[in-house]
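Working notes for the structure below.
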Amino acid sequence: MPSFELPMRGSRNEPPPKPSLLARARASLSRSKAEPDRPRPRRSILIGGAPKTPSARGLINPNYTRRAVCQCKCLRRLLVGAGLAQPSKEDDAELLSEIDVTTEEGLERFLERFELPDCHNPRDLTGDDRQRLLRLFDFFDLDKERHISKRELRIGLSALGQPPTDSDAKRMIAQLDLSRGRSGDGQVDFEEFCLGLLHRRCDLYLALYEPDKKKCRGTPVTASDLDKIQSKDKGGSAADSRKRLSA
């Protein structure tokens with residue numbers, strides 16, 4: 001049987017230790033000083049450790065970046081859901097864009113985030129309650145002009161799974177538009193929005209918080225859909241316009 005010897009620690013058969021990161025950095029700095037005119041390769045931050053292949057040296061691995069972003073978002077959702085972190089404006093917008101209040105799970109997630117306080121006057125709202133309702137108001141306020149129109153109301157409720165008809169949206173606006181004199185201007189500001197939801201009687205409150213009592217059966221629409229309808233209405237008759245918008 002052939003005999004062999006195991007390499008002893010400190011013997012010549014043991015491979016030399018790899019230089020440390022500091023030593024490699026010093027060597028690279030000395031080479032750059034010795035050859036100042038030599039073009040230096042483009043470098044960037046490495047994610048996930050040193051690259052395996054020489055061709056990937058100095059480049060960001062998109063898989064590591066995508067994985068890190070997904071892990072941060074999942075961790076953020078868990079902390080907000082457990083009540084260990086306050087939801088941000090982006091968290092509320094993401095929640096509203098992905099839920100359906102007509103489903104049991106969607107309604108439960110909506111009520112956990114946008115539960116109404118016990119008070120009935122907007123002046124009695126605390127800072128947190130006011131910010132919560134303001135983010136819900138901003139979800140409907142698409143043009144960021146601090147008021148909600150009939151068009152924005154239809155788009156927002158369609159995204160939440162409660163698409164109203166044109167007559168339903170008109171009635172909701174008429175119920176909320178209270179503080180604009182004898183005849184409303186057809187738009188709802190933040191104070192009117194809070195007052196209508198806190199009194200828990202308007203159709204908008206029923207559509208959001210009690211969808212089993214108020215089921216909107218209109219056609220879901222987006223901003224692009226309404227823009228196309230309005231562009232077509234410019235060349236059509238008023239009767240055709242009312243027919244398409246009431247669908």
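Ligands are numbered from 1 in the order shown, residues from 1 within each chain, and chains are lettered A, B, ... in the order they appear in the structure tokens.
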
* Asked: If we count only C-alpha atoms, what is near region 97-104 of chain A at a cut-off of 9 Å, once residues fewer than 5 positions away on the same chain are taken out, given as a ChimeraX atom specification?
  -> /A:92,109-110,139,159-162,207-212,215

Just C-alpha atoms for this one: save the residues we selected as an mmCIF file, in the first residue's frame.
```
data_model
loop_
_atom_site.group_PDB
_atom_site.id
_atom_site.type_symbol
_atom_site.label_atom_id
_atom_site.label_comp_id
_atom_site.auth_asym_id
_atom_site.auth_seq_id
_atom_site.Cartn_x
_atom_site.Cartn_y
_atom_site.Cartn_z
ATOM 1 C CA ASP A 92 -50.973 53.531 2.877
ATOM 2 C CA ARG A 109 -57.011 45.253 6.160
ATOM 3 C CA PHE A 110 -58.744 48.525 5.301
ATOM 4 C CA PHE A 139 -55.752 58.627 -2.371
ATOM 5 C CA ALA A 159 -59.601 50.909 -7.478
ATOM 6 C CA LEU A 160 -61.066 49.753 -4.139
ATOM 7 C CA GLY A 161 -63.544 47.366 -5.758
ATOM 8 C CA GLN A 162 -66.618 49.616 -5.416
ATOM 9 C CA ALA A 207 -69.279 52.018 0.289
ATOM 10 C CA LEU A 208 -65.962 52.041 2.178
ATOM 11 C CA TYR A 209 -66.764 50.806 5.686
ATOM 12 C CA GLU A 210 -69.980 48.803 5.210
ATOM 13 C CA PRO A 211 -69.869 47.437 1.642
ATOM 14 C CA ASP A 212 -72.494 44.813 2.451
ATOM 15 C CA LYS A 215 -72.731 47.664 -3.129
#
```

* **Distance query Phe137 (chain A) at most 9 Å, only C-alpha atoms, self and fewer than 4 positions along chain excluded, as a list of chain:residue names** =>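 Within the cut-off, the hits are A:Arg132, A:Leu133, A:Asp141, A:Arg146, A:His147, A:Ile148, A:Asp189, A:Phe190, A:Phe193, A:Cys194.
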
Atoms kept (all heavy atoms) for selection, written as a CSV table (one decimal), in the first residue's frame:
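Result file out_16.csv:
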```csv
chain,number,residue,atom,x,y,z
A,132,ARG,N,-54.3,60.0,9.3
A,132,ARG,CA,-54.9,58.8,8.7
A,132,ARG,C,-55.9,59.2,7.7
A,132,ARG,O,-56.0,58.6,6.5
A,132,ARG,CB,-55.4,57.9,9.8
A,132,ARG,CG,-55.7,56.5,9.3
A,132,ARG,CD,-56.3,55.7,10.4
A,132,ARG,NE,-55.4,55.6,11.5
A,132,ARG,CZ,-55.7,56.1,12.7
A,132,ARG,NH1,-56.8,56.7,13.0
A,132,ARG,NH2,-54.8,56.0,13.7
A,133,LEU,N,-56.8,60.1,8.0
A,133,LEU,CA,-57.9,60.5,7.1
A,133,LEU,C,-57.3,61.3,6.0
A,133,LEU,O,-57.9,61.3,4.8
A,133,LEU,CB,-59.0,61.3,7.8
A,133,LEU,CG,-59.9,60.4,8.8
A,133,LEU,CD1,-60.8,61.3,9.5
A,133,LEU,CD2,-60.6,59.4,8.0
A,141,ASP,N,-57.7,62.2,-4.1
A,141,ASP,CA,-57.3,63.5,-4.7
A,141,ASP,C,-56.1,63.2,-5.7
A,141,ASP,O,-55.0,63.4,-5.4
A,141,ASP,CB,-56.9,64.5,-3.6
A,141,ASP,CG,-56.6,65.9,-4.2
A,141,ASP,OD1,-57.0,66.1,-5.3
A,141,ASP,OD2,-55.9,66.6,-3.4
A,146,ARG,N,-56.3,69.5,-3.5
A,146,ARG,CA,-57.0,69.6,-2.2
A,146,ARG,C,-58.5,69.6,-2.3
A,146,ARG,O,-59.2,70.1,-1.4
A,146,ARG,CB,-56.5,70.9,-1.4
A,146,ARG,CG,-55.0,71.1,-1.4
A,146,ARG,CD,-54.2,69.9,-1.1
A,146,ARG,NE,-54.6,69.3,0.2
A,146,ARG,CZ,-54.2,68.1,0.6
A,146,ARG,NH1,-53.5,67.4,-0.2
A,146,ARG,NH2,-54.5,67.7,1.8
A,147,HIS,N,-59.0,68.9,-3.3
A,147,HIS,CA,-60.5,68.7,-3.3
A,147,HIS,C,-60.7,67.4,-4.2
A,147,HIS,O,-59.9,67.1,-5.0
A,147,HIS,CB,-61.3,69.9,-3.8
A,147,HIS,CG,-60.8,70.4,-5.2
A,147,HIS,ND1,-61.1,69.7,-6.3
A,147,HIS,CD2,-60.2,71.5,-5.5
A,147,HIS,CE1,-60.6,70.3,-7.4
A,147,HIS,NE2,-60.0,71.4,-6.9
A,148,ILE,N,-61.9,66.8,-4.0
A,148,ILE,CA,-62.2,65.6,-4.7
A,148,ILE,C,-63.4,65.9,-5.6
A,148,ILE,O,-64.4,66.4,-5.2
A,148,ILE,CB,-62.6,64.4,-3.7
A,148,ILE,CG1,-61.4,64.1,-2.8
A,148,ILE,CG2,-63.0,63.2,-4.5
A,148,ILE,CD1,-61.8,63.1,-1.8
A,189,ASP,N,-63.8,69.2,-0.2
A,189,ASP,CA,-62.5,69.4,0.4
A,189,ASP,C,-62.3,68.5,1.6
A,189,ASP,O,-63.2,67.6,1.9
A,189,ASP,CB,-62.4,70.9,0.9
A,189,ASP,CG,-63.5,71.3,1.9
A,189,ASP,OD1,-64.1,70.4,2.5
A,189,ASP,OD2,-63.7,72.5,2.0
A,190,PHE,N,-61.2,68.7,2.3
A,190,PHE,CA,-60.9,67.7,3.3
A,190,PHE,C,-61.8,67.8,4.5
A,190,PHE,O,-62.2,66.7,5.1
A,190,PHE,CB,-59.4,67.9,3.8
A,190,PHE,CG,-59.0,67.0,4.9
A,190,PHE,CD1,-58.9,65.7,4.7
A,190,PHE,CD2,-58.6,67.6,6.1
A,190,PHE,CE1,-58.5,64.8,5.7
A,190,PHE,CE2,-58.2,66.7,7.2
A,190,PHE,CZ,-58.1,65.4,7.0
A,193,PHE,N,-64.9,66.1,3.6
A,193,PHE,CA,-64.7,64.6,3.6
A,193,PHE,C,-64.7,64.0,5.0
A,193,PHE,O,-65.3,63.0,5.2
A,193,PHE,CB,-63.3,64.4,2.9
A,193,PHE,CG,-62.9,63.0,2.7
A,193,PHE,CD1,-63.4,62.2,1.7
A,193,PHE,CD2,-62.0,62.5,3.6
A,193,PHE,CE1,-63.0,60.9,1.6
A,193,PHE,CE2,-61.5,61.1,3.5
A,193,PHE,CZ,-62.1,60.3,2.5
A,194,CYS,N,-64.0,64.6,5.9
A,194,CYS,CA,-64.0,64.1,7.3
A,194,CYS,C,-65.4,64.2,7.9
A,194,CYS,O,-65.8,63.2,8.6
A,194,CYS,CB,-63.0,64.9,8.1
A,194,CYS,SG,-61.3,64.7,7.6
```

Excluding Phe140 (chain A) and any residue of its chain fewer than 2 positions from it, enumerate the residues within 10 Å of it, using only C-alpha atoms, and give them as a compact mmCIF listing (two decimals) with all heavy atoms, in the first residue's frame.
```
# COMPACT_ATOMS: atom_id res chain seq x y z
N ARG A 135 -54.47 60.87 4.50
CA ARG A 135 -53.89 59.94 3.51
C ARG A 135 -54.97 59.24 2.71
O ARG A 135 -54.79 58.98 1.52
CB ARG A 135 -53.01 58.92 4.23
CG ARG A 135 -51.74 59.53 4.81
CD ARG A 135 -50.94 58.54 5.63
NE ARG A 135 -49.76 59.15 6.19
CZ ARG A 135 -48.91 58.55 7.02
NH1 ARG A 135 -49.17 57.29 7.39
NH2 ARG A 135 -47.85 59.17 7.48
N LEU A 136 -56.09 58.95 3.35
CA LEU A 136 -57.21 58.40 2.60
C LEU A 136 -57.77 59.44 1.63
O LEU A 136 -58.15 59.10 0.49
CB LEU A 136 -58.29 57.93 3.57
CG LEU A 136 -59.54 57.27 2.96
CD1 LEU A 136 -59.17 56.03 2.16
CD2 LEU A 136 -60.54 56.91 4.05
N PHE A 137 -57.81 60.68 2.06
CA PHE A 137 -58.27 61.76 1.17
C PHE A 137 -57.30 61.94 -0.01
O PHE A 137 -57.73 62.15 -1.15
CB PHE A 137 -58.38 63.06 1.98
CG PHE A 137 -58.78 64.26 1.18
CD1 PHE A 137 -60.11 64.53 0.92
CD2 PHE A 137 -57.81 65.14 0.69
CE1 PHE A 137 -60.49 65.64 0.19
CE2 PHE A 137 -58.18 66.25 -0.05
CZ PHE A 137 -59.51 66.50 -0.30
N ASP A 138 -56.01 61.86 0.25
CA ASP A 138 -55.01 62.00 -0.82
C ASP A 138 -55.10 60.87 -1.84
O ASP A 138 -54.72 61.06 -3.00
CB ASP A 138 -53.60 62.03 -0.22
CG ASP A 138 -53.33 63.33 0.53
OD1 ASP A 138 -54.02 64.33 0.26
OD2 ASP A 138 -52.44 63.33 1.41
N LEU A 142 -56.48 62.91 -6.92
CA LEU A 142 -55.48 62.53 -7.92
C LEU A 142 -54.68 63.73 -8.42
O LEU A 142 -53.47 63.63 -8.62
CB LEU A 142 -56.16 61.83 -9.10
CG LEU A 142 -56.92 60.54 -8.76
CD1 LEU A 142 -57.58 59.98 -10.00
CD2 LEU A 142 -55.98 59.51 -8.14
N ASP A 143 -55.32 64.86 -8.63
CA ASP A 143 -54.61 66.03 -9.16
C ASP A 143 -53.96 66.87 -8.07
O ASP A 143 -53.33 67.89 -8.36
CB ASP A 143 -55.55 66.90 -9.98
CG ASP A 143 -56.81 67.29 -9.20
OD1 ASP A 143 -56.87 67.02 -7.99
OD2 ASP A 143 -57.73 67.86 -9.82
N LYS A 144 -54.10 66.47 -6.80
CA LYS A 144 -53.47 67.14 -5.66
C LYS A 144 -53.85 68.62 -5.57
O LYS A 144 -53.03 69.47 -5.22
CB LYS A 144 -51.94 67.00 -5.72
CG LYS A 144 -51.46 65.58 -5.85
CD LYS A 144 -52.01 64.68 -4.76
CE LYS A 144 -51.57 63.22 -4.95
NZ LYS A 144 -52.21 62.33 -3.96
N ARG A 146 -56.34 69.55 -3.51
CA ARG A 146 -56.98 69.61 -2.20
C ARG A 146 -58.49 69.57 -2.26
O ARG A 146 -59.18 70.13 -1.39
CB ARG A 146 -56.53 70.86 -1.42
CG ARG A 146 -55.04 71.12 -1.42
CD ARG A 146 -54.22 69.90 -1.10
NE ARG A 146 -54.56 69.34 0.20
CZ ARG A 146 -54.17 68.12 0.62
NH1 ARG A 146 -53.47 67.36 -0.19
NH2 ARG A 146 -54.50 67.69 1.81
N HIS A 147 -59.03 68.91 -3.27
CA HIS A 147 -60.47 68.66 -3.31
C HIS A 147 -60.70 67.43 -4.20
O HIS A 147 -59.86 67.07 -5.03
CB HIS A 147 -61.27 69.85 -3.83
CG HIS A 147 -60.83 70.36 -5.16
ND1 HIS A 147 -61.06 69.68 -6.35
CD2 HIS A 147 -60.16 71.48 -5.50
CE1 HIS A 147 -60.55 70.35 -7.35
NE2 HIS A 147 -59.99 71.44 -6.88
N ILE A 148 -61.86 66.79 -3.99
CA ILE A 148 -62.22 65.58 -4.72
C ILE A 148 -63.38 65.89 -5.63
O ILE A 148 -64.40 66.44 -5.19
CB ILE A 148 -62.59 64.44 -3.74
CG1 ILE A 148 -61.43 64.12 -2.81
CG2 ILE A 148 -62.99 63.18 -4.51
CD1 ILE A 148 -61.76 63.11 -1.75
N SER A 149 -63.24 65.56 -6.87
CA SER A 149 -64.31 65.76 -7.85
C SER A 149 -65.04 64.43 -8.10
O SER A 149 -64.64 63.37 -7.60
CB SER A 149 -63.74 66.30 -9.16
OG SER A 149 -62.82 65.37 -9.73
N ARG A 151 -65.17 62.82 -10.88
CA ARG A 151 -64.28 61.97 -11.67
C ARG A 151 -63.28 61.23 -10.78
O ARG A 151 -63.07 60.02 -10.92
CB ARG A 151 -63.53 62.84 -12.69
CG ARG A 151 -62.47 62.11 -13.51
CD ARG A 151 -61.84 63.08 -14.49
NE ARG A 151 -60.79 62.45 -15.28
CZ ARG A 151 -59.52 62.35 -14.91
NH1 ARG A 151 -59.15 62.86 -13.74
NH2 ARG A 151 -58.64 61.75 -15.67
N GLU A 152 -62.67 61.95 -9.84
CA GLU A 152 -61.69 61.33 -8.94
C GLU A 152 -62.36 60.32 -8.01
O GLU A 152 -61.75 59.30 -7.65
CB GLU A 152 -60.98 62.41 -8.14
CG GLU A 152 -60.10 63.32 -8.98
CD GLU A 152 -59.57 64.50 -8.20
OE1 GLU A 152 -60.26 64.94 -7.25
OE2 GLU A 152 -58.49 64.99 -8.54
N LEU A 153 -63.58 60.61 -7.62
CA LEU A 153 -64.30 59.68 -6.74
C LEU A 153 -64.58 58.36 -7.47
O LEU A 153 -64.45 57.28 -6.88
CB LEU A 153 -65.59 60.32 -6.27
CG LEU A 153 -66.35 59.58 -5.16
CD1 LEU A 153 -65.51 59.53 -3.90
CD2 LEU A 153 -67.69 60.26 -4.88
N ARG A 154 -64.96 58.43 -8.72
CA ARG A 154 -65.22 57.21 -9.49
C ARG A 154 -63.94 56.39 -9.67
O ARG A 154 -63.97 55.16 -9.54
CB ARG A 154 -65.80 57.57 -10.85
CG ARG A 154 -67.20 58.13 -10.82
CD ARG A 154 -67.79 58.23 -12.22
NE ARG A 154 -67.96 56.90 -12.82
CZ ARG A 154 -68.40 56.69 -14.05
NH1 ARG A 154 -68.71 57.73 -14.83
NH2 ARG A 154 -68.54 55.47 -14.52
N ILE A 155 -62.83 57.06 -9.93
CA ILE A 155 -61.56 56.34 -10.14
C ILE A 155 -61.10 55.69 -8.84
O ILE A 155 -60.67 54.54 -8.81
CB ILE A 155 -60.50 57.31 -10.68
CG1 ILE A 155 -60.91 57.83 -12.06
CG2 ILE A 155 -59.15 56.64 -10.77
CD1 ILE A 155 -60.01 58.93 -12.58
N GLY A 156 -61.18 56.43 -7.72
CA GLY A 156 -60.72 55.89 -6.44
C GLY A 156 -61.55 54.72 -5.96
O GLY A 156 -61.02 53.70 -5.50
N LEU A 157 -62.87 54.83 -6.04
CA LEU A 157 -63.73 53.73 -5.61
C LEU A 157 -63.60 52.52 -6.55
O LEU A 157 -63.72 51.38 -6.09
CB LEU A 157 -65.18 54.20 -5.56
CG LEU A 157 -65.54 55.13 -4.40
CD1 LEU A 157 -66.99 55.58 -4.50
CD2 LEU A 157 -65.29 54.46 -3.05
N ALA A 159 -60.83 51.58 -7.91
CA ALA A 159 -59.60 50.91 -7.48
C ALA A 159 -59.81 50.10 -6.21
O ALA A 159 -59.09 49.11 -5.97
CB ALA A 159 -58.50 51.94 -7.26
```

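Counting only C-alpha atoms and comparing A:Leu178, A:Met172, A:Asp124, A:Pro17, the residue that lies closest to Leu206 (chain A) is A:Met172.
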